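Visitor: Here you go, upload-v4.tsv (TSV, C-alpha atoms):
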```tsv
chain	number	residue	atom	x	y	z
A	9	MET	CA	26.51	-10.31	-90.37
A	10	ALA	CA	25.13	-12.41	-87.57
A	11	ASP	CA	26.13	-16.03	-87.37
A	12	GLU	CA	23.59	-18.77	-88.08
A	13	ALA	CA	23.06	-19.64	-84.40
A	14	THR	CA	22.16	-16.01	-83.65
A	15	ARG	CA	19.78	-15.86	-86.59
A	16	LYS	CA	18.08	-19.05	-85.45
A	17	ALA	CA	17.74	-17.88	-81.86
A	18	VAL	CA	16.33	-14.50	-82.84
A	19	SER	CA	13.93	-16.03	-85.35
A	20	GLN	CA	12.33	-17.91	-82.44
A	21	ILE	CA	11.58	-14.69	-80.53
A	22	PRO	CA	8.06	-13.56	-81.38
A	23	LEU	CA	7.77	-10.28	-83.26
A	24	LEU	CA	5.52	-7.75	-81.59
A	25	LYS	CA	2.37	-6.46	-83.25
A	26	THR	CA	1.12	-3.54	-81.16
A	27	HIS	CA	2.70	-0.20	-82.06
A	28	ALA	CA	2.39	1.59	-78.73
A	29	GLY	CA	4.58	3.30	-76.18
A	30	PRO	CA	4.06	4.26	-72.54
A	31	ARG	CA	2.21	7.46	-73.46
A	32	ASP	CA	-0.44	5.49	-75.35
A	33	ARG	CA	-2.59	4.59	-72.34
A	34	ALA	CA	-5.08	2.56	-74.41
A	35	LEU	CA	-2.61	0.27	-76.22
A	36	TRP	CA	0.41	0.22	-73.86
A	37	PRO	CA	-1.00	-2.65	-71.71
A	38	GLN	CA	-1.37	-4.79	-74.85
A	39	ARG	CA	2.19	-3.95	-75.97
A	40	LEU	CA	3.48	-4.72	-72.47
A	41	LYS	CA	1.73	-8.10	-72.55
A	42	GLU	CA	3.43	-8.88	-75.88
A	43	GLU	CA	6.79	-7.77	-74.41
A	44	TYR	CA	6.41	-10.16	-71.48
A	45	GLN	CA	5.38	-13.02	-73.76
A	46	ALA	CA	8.42	-12.47	-75.98
A	47	LEU	CA	10.75	-12.20	-72.97
A	48	ILE	CA	9.34	-15.39	-71.45
A	49	ARG	CA	9.80	-17.18	-74.77
A	50	PHE	CA	13.39	-15.93	-75.06
A	51	VAL	CA	14.25	-16.98	-71.49
A	52	GLU	CA	12.71	-20.43	-72.05
A	53	GLN	CA	14.68	-20.77	-75.28
A	54	ASN	CA	17.90	-19.77	-73.49
A	55	LYS	CA	17.31	-22.22	-70.64
A	56	ALA	CA	16.63	-25.03	-73.11
A	57	ALA	CA	19.95	-24.25	-74.79
A	58	ASP	CA	21.74	-23.99	-71.40
A	59	ASN	CA	22.37	-20.32	-72.11
A	60	ASP	CA	20.55	-18.57	-69.26
A	61	TRP	CA	22.28	-15.20	-68.80
A	62	PHE	CA	19.91	-12.52	-67.46
A	63	ARG	CA	17.00	-11.73	-65.16
A	64	LEU	CA	14.73	-8.78	-65.79
A	65	GLU	CA	11.74	-7.22	-64.07
A	66	SER	CA	9.79	-4.03	-64.47
A	67	ASN	CA	7.97	-1.52	-62.33
A	68	ALA	CA	4.16	-1.68	-62.23
A	69	ASP	CA	3.62	0.38	-65.39
A	70	GLY	CA	6.42	-1.26	-67.41
A	71	THR	CA	8.45	1.91	-67.93
A	72	ARG	CA	11.48	1.11	-65.71
A	73	TRP	CA	13.30	-2.21	-65.99
A	74	THR	CA	16.01	-3.58	-63.71
A	75	GLY	CA	17.77	-6.86	-63.29
A	76	THR	CA	21.04	-8.68	-63.57
A	77	CYS	CA	23.03	-10.15	-66.40
A	78	TRP	CA	26.05	-12.37	-66.26
A	79	TYR	CA	28.85	-13.62	-68.42
A	80	ILE	CA	30.76	-16.87	-67.91
A	81	HIS	CA	34.48	-16.56	-68.69
A	82	GLU	CA	36.93	-19.39	-68.01
A	83	LEU	CA	34.31	-21.09	-65.82
A	84	LEU	CA	33.86	-18.00	-63.64
A	85	ARG	CA	30.57	-16.10	-63.52
A	86	TYR	CA	30.79	-12.31	-63.71
A	87	GLU	CA	27.48	-10.74	-62.69
A	88	PHE	CA	26.34	-7.16	-63.29
A	89	ARG	CA	23.31	-5.06	-62.48
A	90	LEU	CA	21.43	-3.67	-65.46
A	91	GLU	CA	18.73	-1.06	-65.84
A	92	PHE	CA	16.89	0.91	-68.47
A	93	ASP	CA	13.87	3.13	-68.96
A	94	ILE	CA	11.43	2.81	-71.82
A	95	PRO	CA	11.80	6.00	-73.92
A	96	VAL	CA	8.69	8.04	-74.59
A	97	THR	CA	9.16	7.40	-78.32
A	98	TYR	CA	9.25	3.62	-77.81
A	99	PRO	CA	9.00	1.36	-79.83
A	100	ASP	CA	10.42	3.62	-82.54
A	101	THR	CA	13.43	4.26	-80.28
A	102	ALA	CA	15.27	1.46	-78.51
A	103	PRO	CA	15.88	1.71	-74.75
A	104	GLU	CA	19.40	2.57	-73.60
A	105	VAL	CA	20.65	-0.28	-71.43
A	106	ALA	CA	22.92	0.72	-68.55
A	107	VAL	CA	25.36	-1.45	-66.63
A	108	PRO	CA	26.23	1.11	-63.93
A	109	GLU	CA	29.12	-0.73	-62.29
A	110	LEU	CA	31.03	-0.74	-65.60
A	111	ASP	CA	30.61	3.03	-66.07
A	112	GLY	CA	33.87	4.53	-67.31
A	113	LYS	CA	35.62	1.16	-67.71
A	114	THR	CA	35.24	0.85	-71.48
A	115	ALA	CA	35.14	3.27	-74.39
A	116	LYS	CA	32.03	1.49	-75.69
A	117	MET	CA	29.87	3.10	-73.05
A	118	TYR	CA	28.21	6.44	-72.40
A	119	ARG	CA	27.93	8.43	-69.18
A	120	GLY	CA	25.89	6.64	-66.55
A	121	GLY	CA	26.98	3.21	-67.71
A	122	LYS	CA	24.83	3.16	-70.85
A	123	ILE	CA	26.24	0.68	-73.31
A	124	CYS	CA	27.03	1.80	-76.85
A	125	LEU	CA	24.65	0.20	-79.34
A	126	THR	CA	24.70	2.92	-82.00
A	127	GLU	CA	26.96	1.28	-84.59
A	128	HIS	CA	25.37	-2.13	-84.94
A	129	PHE	CA	22.15	-2.41	-82.99
A	130	ALA	CA	20.47	0.98	-83.54
A	131	PRO	CA	20.20	0.59	-87.34
A	132	LEU	CA	18.85	-2.95	-86.89
A	133	TRP	CA	16.25	-1.71	-84.39
A	134	ALA	CA	15.26	1.17	-86.71
A	135	ARG	CA	14.68	-1.25	-89.61
A	136	ASN	CA	12.57	-3.56	-87.46
A	137	ALA	CA	10.60	-1.13	-85.26
A	138	PRO	CA	7.93	-1.62	-83.98
A	139	ARG	CA	8.21	-5.41	-84.36
A	140	PHE	CA	11.31	-5.64	-82.14
A	141	GLY	CA	10.91	-5.54	-78.39
A	142	LEU	CA	12.86	-5.99	-75.18
A	143	ALA	CA	13.72	-9.63	-75.89
A	144	HIS	CA	15.36	-8.48	-79.14
A	145	LEU	CA	17.17	-5.75	-77.21
A	146	MET	CA	18.65	-8.38	-74.92
A	147	ALA	CA	19.43	-10.89	-77.70
A	148	LEU	CA	20.89	-8.51	-80.27
A	149	GLY	CA	22.04	-5.61	-78.09
A	150	LEU	CA	23.18	-6.50	-74.60
A	151	GLY	CA	24.17	-10.12	-75.31
A	152	PRO	CA	26.68	-9.36	-78.08
A	153	TRP	CA	27.98	-6.31	-76.17
A	154	LEU	CA	28.73	-8.48	-73.13
A	155	ALA	CA	30.36	-11.14	-75.32
A	156	VAL	CA	32.79	-8.59	-76.77
A	157	GLU	CA	33.42	-6.24	-73.85
A	158	ILE	CA	33.58	-8.48	-70.78
A	159	PRO	CA	36.41	-10.79	-71.95
A	160	ASP	CA	38.37	-7.69	-73.03
A	161	LEU	CA	37.83	-5.99	-69.65
A	162	ILE	CA	38.84	-9.19	-67.85
A	163	SER	CA	42.02	-9.59	-69.93
A	164	LYS	CA	42.98	-6.00	-69.10
A	165	GLY	CA	42.36	-6.60	-65.40
A	166	ILE	CA	39.63	-3.94	-65.29
A	167	VAL	CA	36.95	-6.45	-64.33
A	168	VAL	CA	38.00	-8.93	-61.65
A	169	HIS	CA	36.00	-11.90	-60.44
A	170	LYS	CA	34.54	-11.29	-56.99
A	171	GLU	CA	36.49	-14.21	-55.49
A	172	GLY	CA	39.70	-12.73	-56.92
A	173	GLN	CA	39.10	-9.43	-55.15
A	174	ALA	CA	39.55	-10.80	-51.63
A	175	GLU	CA	42.79	-9.91	-49.89
A	176	PRO	CA	45.07	-12.83	-49.03
A	177	ALA	CA	44.70	-13.87	-45.39
A	178	ALA	CA	47.46	-12.75	-43.04
A	179	GLU	CA	49.42	-15.65	-41.60
```
Can you dump the structure from the file as structure tokens?

Guide:
Amino acid sequence: MADEATRKAVSQIPLLKTHAGPRDRALWPQRLKEEYQALIRFVEQNKAADNDWFRLESNADGTRWTGTCWYIHELLRYEFRLEFDIPVTYPDTAPEVAVPELDGKTAKMYRGGKICLTEHFAPLWARNAPRFGLAHLMALGLGPWLAVEIPDLISKGIVVHKEGQAEPAAE
């Protein structure tokens, strides 16, 4: 079960009303508008709570999304590129978020750096489709995945802070 803070945060993300995917040329622009409104609301909510942790942008037709996400661990910021495509069966099917630079570094990931969301997030999305959108994907999918995986990868030495990667200067 989600903790109370997570429930409160997610309850403030607007639920989407338009049941349309990229193939639905008539309704997709309306769905995309709702997606942007929910994402803006979620980002504003995160900033107000001093919990800003991602940037996201899409191509012109809203079918390809890219950006960055970061995780703060022991006062160090670990930043990663992220990307995903909107599936043709969206919103009935959740997008598969990829963090390419972590590809092969954790068992909770598929080929191409796609993070594993099947156990916990996929059933939640299925129960709430088409009301869930990209803001929910970030809040309930990528966010918790980062919170679990990144500290573990850091503790194992698999992910190293960029400043820690520099070679010591020769004297």

Visitor: Calculate how many Å separate CA of Thr101 (chain A) from CA of Gly141 (chain A), rounding to one decimal.

Guide: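 Straight-line distance from CA of Thr101 (chain A) to CA of Gly141 (chain A) works out to 10.3 Å.
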
Visitor: So how far away is CA of Ala155 (chain A) from CA of Pro22 (chain A), in Å?

Guide: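 Straight-line distance from CA of Pro22 (chain A) to CA of Ala155 (chain A) works out to 23.2 Å.
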
Visitor: Please work out which residues fall within 12 Å of (7.9, -7.0, -82.7), coordinates as given in the file, with only C-alpha atoms counting, and return them as a PyMOL selection string.

Guide: chain A and resi 18-28+39-47+98-100+102+133-145

Visitor: Taking only C-alpha atoms into account, which of A:Leu148, A:Val107, A:Val51, A:Ile158 comes nearest Gly75 (chain A)?

Guide: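 Going through A:Leu148, A:Val107, A:Val51, A:Ile158 one by one, the smallest distance to Gly75 (chain A) is for A:Val107.
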
Visitor: Point out the residue among A:His169, A:Asp160, A:Cys77, A:Ala17 with the least atom-to-atom distance to Ala56 (chain A), counting all atoms listed in the file.

Guide: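 Counting all atoms listed in the file, the residue closest to Ala56 (chain A) is A:Ala17.
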
Visitor: Just the residues within 10 Å of Arg89 (chain A), please, counting only C-alpha atoms, with nothing from its chain fewer than 5 positions along; format it as a list in words.

Guide: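 Returned residues: Phe62, Arg63, Leu64, Thr74, Gly75, Thr76, Cys77, Trp78, Ala106, Val107, Pro108, Glu109 and Leu110 of chain A.
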
Visitor: Quick one, how far is CA of Pro152 (chain A) from CA of Asn54 (chain A)?

Guide: 14.4 Å

Visitor: Hey, which of A:Glu12, A:Asp69, A:Asp58, A:Asp111 ends up closest to Pro37 (chain A)? Count all atoms listed in the file.

Guide: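 Of A:Glu12, A:Asp69, A:Asp58, A:Asp111, the one nearest Pro37 (chain A), counting all atoms listed in the file, is A:Asp69.
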
Visitor: For Ile162 (chain A), which residue among A:Ile94, A:Leu84, A:Leu35, A:Leu132 is the nearest when counting all atoms listed in the file?

Guide: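 Comparing A:Ile94, A:Leu84, A:Leu35, A:Leu132 against Ile162 (chain A), the winner is A:Leu84.
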
Visitor: Between A:Arg85, A:Pro103, A:Gly112, A:Thr71, single out the one closest to Met146 (chain A), counting all atoms listed in the file.

Guide: A:Pro103

Visitor: With distances taken over all atoms listed in the file, which of A:Gly29, A:Glu87, A:Phe92, A:Thr97 is nearest to Ile123 (chain A)?

Guide: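 For Ile123 (chain A), the nearest of the candidates is A:Phe92.
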
Visitor: Quick one: residues within 10 Å of Glu104 (chain A), only C-alpha atoms, excluding same-chain residues fewer than 5 positions away - as a PDB file with C-alpha atoms, keeping the file's coordinate frame?

Guide:
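Final file, result_4.pdb:
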```pdb
ATOM      1  CA  GLU A  91      18.730  -1.060 -65.840  1.00  0.00           C
ATOM      2  CA  PHE A  92      16.890   0.910 -68.470  1.00  0.00           C
ATOM      3  CA  ASP A  93      13.870   3.130 -68.960  1.00  0.00           C
ATOM      4  CA  ILE A  94      11.430   2.810 -71.820  1.00  0.00           C
ATOM      5  CA  PRO A  95      11.800   6.000 -73.920  1.00  0.00           C
ATOM      6  CA  TYR A 118      28.210   6.440 -72.400  1.00  0.00           C
ATOM      7  CA  GLY A 121      26.980   3.210 -67.710  1.00  0.00           C
ATOM      8  CA  LYS A 122      24.830   3.160 -70.850  1.00  0.00           C
ATOM      9  CA  ILE A 123      26.240   0.680 -73.310  1.00  0.00           C
ATOM     10  CA  CYS A 124      27.030   1.800 -76.850  1.00  0.00           C
ATOM     11  CA  LEU A 125      24.650   0.200 -79.340  1.00  0.00           C
ATOM     12  CA  THR A 126      24.700   2.920 -82.000  1.00  0.00           C
ATOM     13  CA  LEU A 145      17.170  -5.750 -77.210  1.00  0.00           C
ATOM     14  CA  GLY A 149      22.040  -5.610 -78.090  1.00  0.00           C
ATOM     15  CA  LEU A 150      23.180  -6.500 -74.600  1.00  0.00           C
TER      16      LEU A 150
END
```

Visitor: Could I get region 55-66 of chain A rebuilt with all heavy atoms, written as a compact mmCIF listing (two decimals), in the coordinates of the input?

Guide:
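In the end it all went to part07.txt:
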```txt
# COMPACT_ATOMS: atom_id res chain seq x y z
N LYS A 55 17.16 -21.14 -71.62
CA LYS A 55 17.31 -22.22 -70.64
C LYS A 55 17.40 -23.57 -71.33
O LYS A 55 18.19 -24.42 -70.93
CB LYS A 55 16.15 -22.18 -69.64
CG LYS A 55 16.29 -21.05 -68.65
CD LYS A 55 15.20 -21.08 -67.61
CE LYS A 55 15.42 -19.95 -66.62
NZ LYS A 55 14.46 -20.00 -65.52
N ALA A 56 16.60 -23.78 -72.37
CA ALA A 56 16.63 -25.03 -73.11
C ALA A 56 17.99 -25.25 -73.78
O ALA A 56 18.44 -26.39 -73.92
CB ALA A 56 15.52 -25.06 -74.16
N ALA A 57 18.64 -24.17 -74.15
CA ALA A 57 19.95 -24.25 -74.79
C ALA A 57 21.09 -24.11 -73.77
O ALA A 57 22.25 -23.95 -74.16
CB ALA A 57 20.08 -23.16 -75.85
N ASP A 58 20.77 -24.16 -72.48
CA ASP A 58 21.74 -23.99 -71.40
C ASP A 58 22.53 -22.69 -71.58
O ASP A 58 23.75 -22.65 -71.49
CB ASP A 58 22.69 -25.19 -71.32
CG ASP A 58 23.44 -25.24 -70.00
OD1 ASP A 58 22.92 -24.72 -69.00
OD2 ASP A 58 24.56 -25.79 -69.98
N ASN A 59 21.77 -21.62 -71.85
CA ASN A 59 22.37 -20.32 -72.11
C ASN A 59 21.63 -19.22 -71.33
O ASN A 59 21.39 -18.15 -71.85
CB ASN A 59 22.34 -20.03 -73.62
CG ASN A 59 23.10 -18.78 -73.96
OD1 ASN A 59 24.04 -18.40 -73.28
ND2 ASN A 59 22.68 -18.10 -75.02
N ASP A 60 21.26 -19.52 -70.11
CA ASP A 60 20.55 -18.57 -69.26
C ASP A 60 21.55 -17.51 -68.82
O ASP A 60 22.58 -17.83 -68.25
CB ASP A 60 19.98 -19.33 -68.06
CG ASP A 60 19.03 -18.51 -67.24
OD1 ASP A 60 18.40 -17.59 -67.78
OD2 ASP A 60 18.92 -18.80 -66.03
N TRP A 61 21.27 -16.23 -69.10
CA TRP A 61 22.28 -15.20 -68.80
C TRP A 61 21.73 -13.87 -68.28
O TRP A 61 22.48 -12.93 -68.08
CB TRP A 61 23.17 -14.95 -70.02
CG TRP A 61 22.43 -14.46 -71.23
CD1 TRP A 61 21.80 -15.22 -72.16
CD2 TRP A 61 22.24 -13.11 -71.63
NE1 TRP A 61 21.22 -14.41 -73.12
CE2 TRP A 61 21.49 -13.10 -72.82
CE3 TRP A 61 22.64 -11.88 -71.10
CZ2 TRP A 61 21.12 -11.95 -73.48
CZ3 TRP A 61 22.27 -10.71 -71.77
CH2 TRP A 61 21.53 -10.76 -72.94
N PHE A 62 20.43 -13.77 -68.02
CA PHE A 62 19.91 -12.52 -67.46
C PHE A 62 18.60 -12.76 -66.72
O PHE A 62 17.91 -13.75 -66.95
CB PHE A 62 19.73 -11.45 -68.53
CG PHE A 62 18.58 -11.69 -69.48
CD1 PHE A 62 17.31 -11.17 -69.20
CD2 PHE A 62 18.75 -12.43 -70.63
CE1 PHE A 62 16.25 -11.38 -70.06
CE2 PHE A 62 17.69 -12.65 -71.50
CZ PHE A 62 16.43 -12.12 -71.21
N ARG A 63 18.29 -11.83 -65.84
CA ARG A 63 17.00 -11.73 -65.16
C ARG A 63 16.54 -10.29 -65.30
O ARG A 63 17.35 -9.37 -65.18
CB ARG A 63 17.09 -12.06 -63.66
CG ARG A 63 17.45 -13.47 -63.35
CD ARG A 63 16.26 -14.41 -63.58
NE ARG A 63 16.62 -15.79 -63.34
CZ ARG A 63 17.14 -16.61 -64.25
NH1 ARG A 63 17.37 -16.19 -65.47
NH2 ARG A 63 17.42 -17.85 -63.96
N LEU A 64 15.26 -10.11 -65.53
CA LEU A 64 14.73 -8.78 -65.79
C LEU A 64 13.36 -8.65 -65.17
O LEU A 64 12.57 -9.60 -65.21
CB LEU A 64 14.64 -8.60 -67.31
CG LEU A 64 14.65 -7.24 -67.94
CD1 LEU A 64 15.84 -6.41 -67.49
CD2 LEU A 64 14.66 -7.36 -69.46
N GLU A 65 13.08 -7.50 -64.58
CA GLU A 65 11.74 -7.22 -64.07
C GLU A 65 11.45 -5.74 -64.25
O GLU A 65 12.37 -4.93 -64.38
CB GLU A 65 11.60 -7.64 -62.61
CG GLU A 65 12.54 -6.94 -61.67
CD GLU A 65 12.45 -7.49 -60.25
OE1 GLU A 65 12.42 -8.71 -60.08
OE2 GLU A 65 12.41 -6.66 -59.33
N SER A 66 10.15 -5.42 -64.23
CA SER A 66 9.79 -4.03 -64.47
C SER A 66 9.00 -3.47 -63.29
O SER A 66 8.51 -4.22 -62.45
CB SER A 66 8.94 -3.90 -65.73
OG SER A 66 7.62 -4.35 -65.50
```
